[in-house]
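**Q** Here it is, the structure, as structure tokens.
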Amino acid sequence: MCITLPQMYFLETTYSRILVFNPLYYPFCFMGLEKKEQEVEQMRMDCEHFRARLEIAQADSIKEKKEKLALRQQLNELKEQLLQQAEYCTEMGAATCTLLWSVSSSEEVVKAILGGGKALKFFNLTGQTMESFVRSLDGNSKQELDSDENQFVFALAGILTNVAAIACGREFLVNSSRVLLDTTMQLLGDLKPGQCTKLKVLMLMTLYNVSINLKGLKYISESPSFVPLLSWLLKDPDPEVCLHVLRLVQSVVLETEVFSKLASQFHDSMFLQHIITISKSQNFSLRTLAQELLEDFKVLEFKG
């Protein structure tokens, strides 16, 4: 049987339609769509999961911010309480030590202080407090003398001065509280000329009182920084500071044995120049004491 051209075209067209519309010939087409739908569903589920995690994280963040805010408020309240307590302790310390400073001029009171069992601890705390105070100074020569903090430190230094003015007090400081004497000399060197002159004067008075005790004089004069410290303090613009430095030098000069060990340092041109300058001062007390020291130096040099 022969097939004509029109018949062949019909059969070819029909076969092509069967291939196009018969799913049996495209088994992977629907499988690809199903996989895509699964991927889309998985992505949707992932988005829901991440959205839930984000909401939880945001809630935690808000909670943490509230907690931090509450803690910051508590911290500020505690700081305020600590500041109030510090101010109260400073005010109480200033009042108490000022009273003790006043009564410590009595020998009986000094003996009671030294015999109370807390003397050594008290003097250790005194040295630490004075050191902390000097470290906190910002370099300004002008000080608020009426502030509780300053009055507290001045009172402690005043108590120390009064204790050193009594024989048993000097003996106690030299034998049991040498660290405090070292601290006193160190702080005098740390303070700048013109700075905190009231505290300088009190500390110099303490050293002078200690120098009345021969053992005390030997101890402070054996410090390598002793003579350089005196020379440094003579540069102070305050006449009272210089006056007490000269008194301390005079205490050394009166003890020939001690002076002989320091003679070479005292005859240093810079040290002598300071005293010569002061001997021409308009201040009568300074001028007189400086002139007496220069005469003493000449006598001792002649004897030597």
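Labels for the structure tokens follow display order: chains A, B, ..., residues from 1 in each chain, ligands from 1.
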Within 10 Å of region 166-171 of chain A, which residues of region 193-231 of chain A come that close, and what is the closest atom pair and distance in Å for each? Count only C-alpha atoms and give it as JSON lines.
**A**
{"residue": "A:Thr206", "atom": "CA", "partner": "A:Arg170", "partner_atom": "CA", "distance": 9.2}
{"residue": "A:Leu207", "atom": "CA", "partner": "A:Arg170", "partner_atom": "CA", "distance": 9.8}
{"residue": "A:Asn209", "atom": "CA", "partner": "A:Arg170", "partner_atom": "CA", "distance": 7.3}
{"residue": "A:Val210", "atom": "CA", "partner": "A:Arg170", "partner_atom": "CA", "distance": 5.5}
{"residue": "A:Ser211", "atom": "CA", "partner": "A:Arg170", "partner_atom": "CA", "distance": 8.6}
{"residue": "A:Ile212", "atom": "CA", "partner": "A:Arg170", "partner_atom": "CA", "distance": 8.3}
{"residue": "A:Asn213", "atom": "CA", "partner": "A:Arg170", "partner_atom": "CA", "distance": 6.7}
{"residue": "A:Leu214", "atom": "CA", "partner": "A:Glu171", "partner_atom": "CA", "distance": 10.0}
{"residue": "A:Lys215", "atom": "CA", "partner": "A:Glu171", "partner_atom": "CA", "distance": 8.5}
{"residue": "A:Gly216", "atom": "CA", "partner": "A:Arg170", "partner_atom": "CA", "distance": 7.5}
**Q** Name all residues at most 12 Å from Ser136 (chain A) (count only C-alpha atoms; drop same-chain ones fewer than 4 positions away) and give them as number ranges by chain.
**A** A: 129-132, 140, 149-150, 190-191
**Q** Using only C-alpha atoms, what does the table of region 144-235 of chain A residues within 10 Å of region 106-128 of chain A look like, with each row giving the shortest atom pair and its distance in Å to one decimal, sorted by chain and ascending number, as a tab-separated table?
**A**
residue	atom	partner	partner_atom	distance
A:Val153	CA	A:Thr126	CA	8.2
A:Ala155	CA	A:Thr126	CA	9.9
A:Leu156	CA	A:Thr126	CA	6.2
A:Ala157	CA	A:Thr126	CA	7.7
A:Ile159	CA	A:Val110	CA	9.2
A:Leu160	CA	A:Phe123	CA	7.9
A:Asn162	CA	A:Val110	CA	8.0
A:Val163	CA	A:Val110	CA	6.0
A:Ala164	CA	A:Val110	CA	9.3
A:Ala165	CA	A:Glu107	CA	9.0
A:Ile166	CA	A:Glu107	CA	6.4
A:Ala167	CA	A:Glu107	CA	8.9
A:Cys168	CA	A:Lys111	CA	7.4
A:Gly169	CA	A:Val110	CA	7.0
A:Phe172	CA	A:Leu114	CA	7.9
A:Leu173	CA	A:Phe123	CA	8.8
A:Ser176	CA	A:Leu120	CA	7.3
A:Ser177	CA	A:Leu120	CA	7.0
A:Arg178	CA	A:Asn124	CA	10.0
A:Val179	CA	A:Asn124	CA	8.0
A:Leu180	CA	A:Gly127	CA	5.5
A:Leu181	CA	A:Gly127	CA	8.6
A:Asp182	CA	A:Gly127	CA	9.3
A:Thr183	CA	A:Gly127	CA	6.4
A:Thr184	CA	A:Gly127	CA	7.5
A:Leu187	CA	A:Gly127	CA	9.7
**Q** Please identify the helix (DSSP H, G or I) residues within region 68-185 of chain A (assignment by DSSP from backbone atoms) and present them as JSON, numbers by chain.
**A** {"A": [68, 69, 70, 71, 72, 73, 74, 75, 76, 77, 78, 79, 80, 81, 82, 83, 84, 85, 86, 87, 88, 89, 90, 91, 92, 93, 94, 95, 96, 97, 98, 99, 100, 101, 102, 103, 107, 108, 109, 110, 111, 112, 113, 114, 119, 120, 121, 122, 123, 124, 125, 126, 127, 128, 129, 130, 131, 132, 133, 134, 135, 136, 148, 149, 150, 151, 152, 153, 154, 155, 156, 157, 158, 159, 160, 161, 162, 163, 164, 167, 168, 169, 170, 171, 172, 173, 174, 175, 176, 178, 179, 180, 181, 182, 183, 184, 185]}
**Q** Quick one: residues within 12 Å of His267 (chain A), only C-alpha atoms, excluding same-chain residues fewer than 6 positions away - as number ranges by chain?
**A** A: 227, 231, 259-261, 273-276, 293-294, 297-298, 300-301
**Q** When you count only C-alpha atoms, which of these residues is closest to Arg135 (chain A): A:Leu243, A:Ile56, A:Leu188, A:Leu289?
**A** A:Leu188
**Q** Closest to Ala263 (chain A) among A:Leu204, A:Val134, A:Val249, A:Leu78, using only C-alpha atoms?
**A**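 With only C-alpha atoms as the atom set, the closest residue is A:Val249.
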**Q** I need the residue nearest Lys235 (chain A) from this list: A:Lys198, A:Arg51, A:Lys218, A:Lys192. Use only C-alpha atoms for the distance.
**A**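 Using only C-alpha atoms, the shortest distance to Lys235 (chain A) belongs to A:Lys192.
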